[in-house]
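Asker: The structure's right below; bear with me while I get my questions together.
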Amino acid sequence: MYRRIVLLCLVCFWLCGTVWAQQLSEERKFIVPPNDMYLLSVASQADCPIQIENAKLLFFIGPGSNWGASYRLRNAGTKPLSIRSITLSMWGAQGVGLTWQELTKETEKAALPGQLIAIKEDDRRIKVVPLTDEIRDKMKLRGPLHTVIVLMVEQVKFSDGSVYSDERTSKALQSYFQNVEFVGYKAK
């Protein structure tokens, strides 16, 4: 009996591991939602050494409600930057948002002024597919503007140990969106 339970557990672990590995290797499909419903905006941060370019909001096509953004990061300063990590945040309706950290590929190699910053790639493969009428209907992407989402650089950790931080603005933005939605619901 004991051997049968152990064998059954091993088979379950093997099956779970196989399914999990297959999900990681499968291409995950995303769409860019229409701007007239979900508008992604990049925060203007004049003193930030990093510039966000080509930002696009992404919605996962599939079970669950996974969302994120694609973008490029560029050295917007006047001197080379050796960066360890960049923390980004994205805030929208009702203060809902994400904060995540991007690690640079080569922390010892400096990004020259105006140069793109190479970040480590995610192990999961993603594909952005066109927004079709079928996907729009399935994901209920019709109607008026639903929310504005702001993407910003929250923190940059440099290889020399120094830090650029705009966490105060990130927290203020989150609070602002919480209050805007609360006031909007109250007035209805």
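Quick note on naming: the chains in the structure tokens go A, B, ... in the order shown, residues restart at 1 in each chain, and ligands are numbered from 1 in order of appearance.
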Which neighbours of stretch 30-47 of chain A fall inside 8 Å, counting only C-alpha atoms, when residues of the same chain fewer than 3 positions from it are skipped, and could you give them as a list of chain:residue names?

Answerer: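 In the requested form, the answer reads A:Ile52, A:Ala55, A:Lys56, A:Leu57, A:Leu58, A:Phe59, A:Phe60, A:Ile61, A:Ile126, A:Lys127, A:Val128, A:Val129, A:Pro130, A:Leu131, A:Leu141, A:Arg142, A:Gly143, A:Pro144, A:Leu145, A:His146, A:Thr147, A:Val148, A:Ile149, A:Val150, A:Leu151, A:Met152.
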
Asker: I need the residues from that last selection saved to file as a PDB file, in the first residue's frame (with N, CA and C atoms), if you can.

Answerer:
```pdb
ATOM      1  N   ILE A  52      11.256  55.716 -21.602  1.00  0.00           N
ATOM      2  CA  ILE A  52      10.450  54.586 -22.067  1.00  0.00           C
ATOM      3  C   ILE A  52       9.964  54.916 -23.475  1.00  0.00           C
ATOM      4  N   ALA A  55       5.869  52.144 -26.021  1.00  0.00           N
ATOM      5  CA  ALA A  55       5.076  51.441 -25.017  1.00  0.00           C
ATOM      6  C   ALA A  55       3.724  51.022 -25.578  1.00  0.00           C
ATOM      7  N   LYS A  56       3.367  49.776 -25.295  1.00  0.00           N
ATOM      8  CA  LYS A  56       2.074  49.228 -25.704  1.00  0.00           C
ATOM      9  C   LYS A  56       1.502  48.440 -24.542  1.00  0.00           C
ATOM     10  N   LEU A  57       0.230  48.650 -24.259  1.00  0.00           N
ATOM     11  CA  LEU A  57      -0.481  47.869 -23.257  1.00  0.00           C
ATOM     12  C   LEU A  57      -0.798  46.517 -23.874  1.00  0.00           C
ATOM     13  N   LEU A  58      -0.658  45.438 -23.105  1.00  0.00           N
ATOM     14  CA  LEU A  58      -0.920  44.090 -23.602  1.00  0.00           C
ATOM     15  C   LEU A  58      -1.933  43.383 -22.716  1.00  0.00           C
ATOM     16  N   PHE A  59      -2.915  42.737 -23.334  1.00  0.00           N
ATOM     17  CA  PHE A  59      -3.885  41.903 -22.627  1.00  0.00           C
ATOM     18  C   PHE A  59      -3.698  40.470 -23.089  1.00  0.00           C
ATOM     19  N   PHE A  60      -3.675  39.546 -22.130  1.00  0.00           N
ATOM     20  CA  PHE A  60      -3.525  38.127 -22.413  1.00  0.00           C
ATOM     21  C   PHE A  60      -4.818  37.568 -22.981  1.00  0.00           C
ATOM     22  N   ILE A  61      -4.695  36.774 -24.035  1.00  0.00           N
ATOM     23  CA  ILE A  61      -5.853  36.083 -24.604  1.00  0.00           C
ATOM     24  C   ILE A  61      -5.849  34.687 -24.008  1.00  0.00           C
ATOM     25  N   ILE A 126       6.103  35.111 -25.786  1.00  0.00           N
ATOM     26  CA  ILE A 126       4.826  35.784 -26.025  1.00  0.00           C
ATOM     27  C   ILE A 126       4.735  36.190 -27.487  1.00  0.00           C
ATOM     28  N   LYS A 127       3.508  36.291 -27.941  1.00  0.00           N
ATOM     29  CA  LYS A 127       3.254  36.726 -29.317  1.00  0.00           C
ATOM     30  C   LYS A 127       2.102  37.720 -29.270  1.00  0.00           C
ATOM     31  N   VAL A 128       2.297  38.868 -29.913  1.00  0.00           N
ATOM     32  CA  VAL A 128       1.227  39.856 -30.003  1.00  0.00           C
ATOM     33  C   VAL A 128       0.493  39.599 -31.312  1.00  0.00           C
ATOM     34  N   VAL A 129      -0.805  39.326 -31.196  1.00  0.00           N
ATOM     35  CA  VAL A 129      -1.622  39.025 -32.366  1.00  0.00           C
ATOM     36  C   VAL A 129      -2.550  40.206 -32.650  1.00  0.00           C
ATOM     37  N   PRO A 130      -2.999  40.345 -33.898  1.00  0.00           N
ATOM     38  CA  PRO A 130      -3.901  41.454 -34.238  1.00  0.00           C
ATOM     39  C   PRO A 130      -5.236  41.339 -33.498  1.00  0.00           C
ATOM     40  N   LEU A 131      -5.819  42.473 -33.195  1.00  0.00           N
ATOM     41  CA  LEU A 131      -7.129  42.523 -32.549  1.00  0.00           C
ATOM     42  C   LEU A 131      -8.198  42.346 -33.617  1.00  0.00           C
ATOM     43  N   LEU A 141     -14.385  44.213 -25.672  1.00  0.00           N
ATOM     44  CA  LEU A 141     -13.584  45.416 -25.908  1.00  0.00           C
ATOM     45  C   LEU A 141     -14.312  46.376 -26.841  1.00  0.00           C
ATOM     46  N   ARG A 142     -15.509  46.728 -26.459  1.00  0.00           N
ATOM     47  CA  ARG A 142     -16.301  47.714 -27.200  1.00  0.00           C
ATOM     48  C   ARG A 142     -16.883  48.693 -26.195  1.00  0.00           C
ATOM     49  N   GLY A 143     -17.046  49.915 -26.624  1.00  0.00           N
ATOM     50  CA  GLY A 143     -17.650  50.900 -25.740  1.00  0.00           C
ATOM     51  C   GLY A 143     -16.749  52.106 -25.534  1.00  0.00           C
ATOM     52  N   PRO A 144     -17.101  52.931 -24.556  1.00  0.00           N
ATOM     53  CA  PRO A 144     -16.355  54.173 -24.315  1.00  0.00           C
ATOM     54  C   PRO A 144     -15.021  53.901 -23.602  1.00  0.00           C
ATOM     55  N   LEU A 145     -14.248  54.958 -23.423  1.00  0.00           N
ATOM     56  CA  LEU A 145     -12.970  54.873 -22.722  1.00  0.00           C
ATOM     57  C   LEU A 145     -13.202  54.297 -21.334  1.00  0.00           C
ATOM     58  N   HIS A 146     -12.500  53.223 -21.040  1.00  0.00           N
ATOM     59  CA  HIS A 146     -12.667  52.531 -19.755  1.00  0.00           C
ATOM     60  C   HIS A 146     -11.672  53.047 -18.720  1.00  0.00           C
ATOM     61  N   THR A 147     -10.413  53.209 -19.143  1.00  0.00           N
ATOM     62  CA  THR A 147      -9.403  53.696 -18.202  1.00  0.00           C
ATOM     63  C   THR A 147      -8.173  54.228 -18.922  1.00  0.00           C
ATOM     64  N   VAL A 148      -7.466  55.096 -18.231  1.00  0.00           N
ATOM     65  CA  VAL A 148      -6.157  55.575 -18.657  1.00  0.00           C
ATOM     66  C   VAL A 148      -5.148  54.916 -17.723  1.00  0.00           C
ATOM     67  N   ILE A 149      -4.088  54.384 -18.291  1.00  0.00           N
ATOM     68  CA  ILE A 149      -3.059  53.704 -17.521  1.00  0.00           C
ATOM     69  C   ILE A 149      -1.746  54.445 -17.745  1.00  0.00           C
ATOM     70  N   VAL A 150      -1.012  54.695 -16.663  1.00  0.00           N
ATOM     71  CA  VAL A 150       0.248  55.437 -16.747  1.00  0.00           C
ATOM     72  C   VAL A 150       1.407  54.496 -16.426  1.00  0.00           C
ATOM     73  N   LEU A 151       2.380  54.455 -17.337  1.00  0.00           N
ATOM     74  CA  LEU A 151       3.594  53.664 -17.173  1.00  0.00           C
ATOM     75  C   LEU A 151       4.733  54.603 -16.810  1.00  0.00           C
ATOM     76  N   MET A 152       5.525  54.232 -15.798  1.00  0.00           N
ATOM     77  CA  MET A 152       6.611  55.120 -15.370  1.00  0.00           C
ATOM     78  C   MET A 152       7.803  54.321 -14.834  1.00  0.00           C
TER      79      MET A 152
END
```

Asker: For stretch 102-107 of chain A, please output as a compact mmCIF listing (two decimals) with C-alpha atoms, in the first residue's frame all residues within 10 Å (counting only C-alpha atoms; exclusion window: fewer than 4 positions along the same chain).

Answerer:
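So the final result, stored in part.txt, reads:
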```txt
# COMPACT_ATOMS: atom_id res chain seq x y z
CA LEU A 81 24.98 54.42 -17.36
CA SER A 82 25.89 51.08 -15.79
CA ILE A 83 22.55 49.75 -14.55
CA ARG A 84 21.77 46.76 -12.35
CA SER A 85 17.98 46.97 -12.43
CA ILE A 86 15.07 49.20 -13.41
CA THR A 87 11.78 49.11 -11.52
CA LEU A 88 8.72 50.10 -13.53
CA ALA A 111 24.70 52.08 -21.92
CA ILE A 117 19.33 49.43 -22.64
CA ALA A 118 19.42 45.67 -23.05
CA ILE A 119 17.21 43.91 -20.51
CA LYS A 120 17.02 40.18 -19.75
CA GLU A 121 14.38 38.36 -21.73
CA ASP A 122 11.55 36.52 -20.00
CA VAL A 156 16.92 52.70 -11.21
CA LYS A 157 19.71 50.91 -9.35
CA PHE A 158 23.12 51.61 -10.79
CA SER A 159 26.10 49.24 -10.67
```

Asker: Find the residue from A:Ala69, A:Pro63, A:Val96, A:Lys79 that sits nearest to A:Ser175; use only C-alpha atoms when measuring.

Answerer: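 Looking at the shortest contact to A:Ser175, the residue is A:Val96.
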
Asker: Let's see if you can do this: from backbone DSSP, list all alpha helix (DSSP H) residues in stretch 12-172 of chain A, as a ChimeraX atom specification.

Answerer: /A:12-25,133-138,167-172

Asker: Keeping C-alpha atoms for every residue in the selection just given, could you write it to a file as a PDB file, in the first residue's frame?

Answerer:
```pdb
ATOM      1  CA  CYS A  12       1.383  13.105 -10.066  1.00  0.00           C
ATOM      2  CA  PHE A  13       4.559  15.167  -9.639  1.00  0.00           C
ATOM      3  CA  TRP A  14       5.799  14.033 -13.047  1.00  0.00           C
ATOM      4  CA  LEU A  15       2.487  14.917 -14.733  1.00  0.00           C
ATOM      5  CA  CYS A  16       2.318  18.335 -13.029  1.00  0.00           C
ATOM      6  CA  GLY A  17       5.921  19.066 -14.005  1.00  0.00           C
ATOM      7  CA  THR A  18       5.275  18.042 -17.605  1.00  0.00           C
ATOM      8  CA  VAL A  19       2.155  20.225 -17.864  1.00  0.00           C
ATOM      9  CA  TRP A  20       3.959  23.190 -16.255  1.00  0.00           C
ATOM     10  CA  ALA A  21       6.975  22.823 -18.601  1.00  0.00           C
ATOM     11  CA  GLN A  22       4.650  22.601 -21.602  1.00  0.00           C
ATOM     12  CA  GLN A  23       2.822  25.781 -20.555  1.00  0.00           C
ATOM     13  CA  LEU A  24       6.148  27.615 -20.242  1.00  0.00           C
ATOM     14  CA  SER A  25       7.260  26.469 -23.689  1.00  0.00           C
ATOM     15  CA  ASP A 133     -13.674  41.462 -34.214  1.00  0.00           C
ATOM     16  CA  GLU A 134     -13.940  37.952 -32.750  1.00  0.00           C
ATOM     17  CA  ILE A 135     -11.339  38.704 -30.035  1.00  0.00           C
ATOM     18  CA  ARG A 136     -12.875  42.142 -29.415  1.00  0.00           C
ATOM     19  CA  ASP A 137     -16.293  40.558 -28.791  1.00  0.00           C
ATOM     20  CA  LYS A 138     -14.901  37.670 -26.711  1.00  0.00           C
ATOM     21  CA  GLU A 167       8.628  56.063  -5.723  1.00  0.00           C
ATOM     22  CA  ARG A 168       6.895  59.107  -4.271  1.00  0.00           C
ATOM     23  CA  THR A 169       5.362  59.911  -7.663  1.00  0.00           C
ATOM     24  CA  SER A 170       4.371  56.267  -8.144  1.00  0.00           C
ATOM     25  CA  LYS A 171       2.554  56.184  -4.790  1.00  0.00           C
ATOM     26  CA  ALA A 172       0.914  59.560  -5.522  1.00  0.00           C
TER      27      ALA A 172
END
```

Asker: Which residue out of A:Gln155, A:Phe177, A:Asn75, A:Ser70 has the minimum interatomic distance to A:Leu112 when only C-alpha atoms are used?

Answerer: A:Asn75

Asker: Based on the backbone DSSP call, show me all residues of stretch 37-104 of chain A assigned strand (DSSP E or B), as a PyMOL selection string.

Answerer: chain A and resi 38-42+50-60+67-75+81+83-91+97-104

Asker: Using only C-alpha atoms, which of A:Gly62, A:Gly97, A:Pro49, A:Gly92 sits nearest A:Arg74?

Answerer: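 Selected residue with least distance to A:Arg74: A:Pro49.
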
Asker: Enter the distance from atom CA of A:Gln178 to atom CA of A:Glu154, in Å, rounded to one decimal.

Answerer: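 Computing it gives 18.4 Å between the two atoms.
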
Asker: Between A:Pro80, A:Gln115, A:Val153, A:Asn179, which is the closest to A:Trp100 once you count only C-alpha atoms?

Answerer: A:Val153

Asker: What separation in Å, quoted to one decimal, exists between atom CA of A:Glu27 and atom CA of A:Thr132?

Answerer: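 Computed distance, atom CA of A:Glu27 to atom CA of A:Thr132, equals 18.6 Å.
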
Asker: Expressed in Å to a single decimal, how great is the separation between atom CA of A:Cys48 and atom CA of A:Thr99?

Answerer: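 Those two atoms sit 17.1 Å apart.
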
Asker: Which of these, A:Gln174, A:Ser165, A:Gln101, A:Gln51, has the shortest distance to A:Gly77 once you count only C-alpha atoms?

Answerer: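 Of A:Gln174, A:Ser165, A:Gln101, A:Gln51, the one nearest A:Gly77, counting only C-alpha atoms, is A:Gln51.
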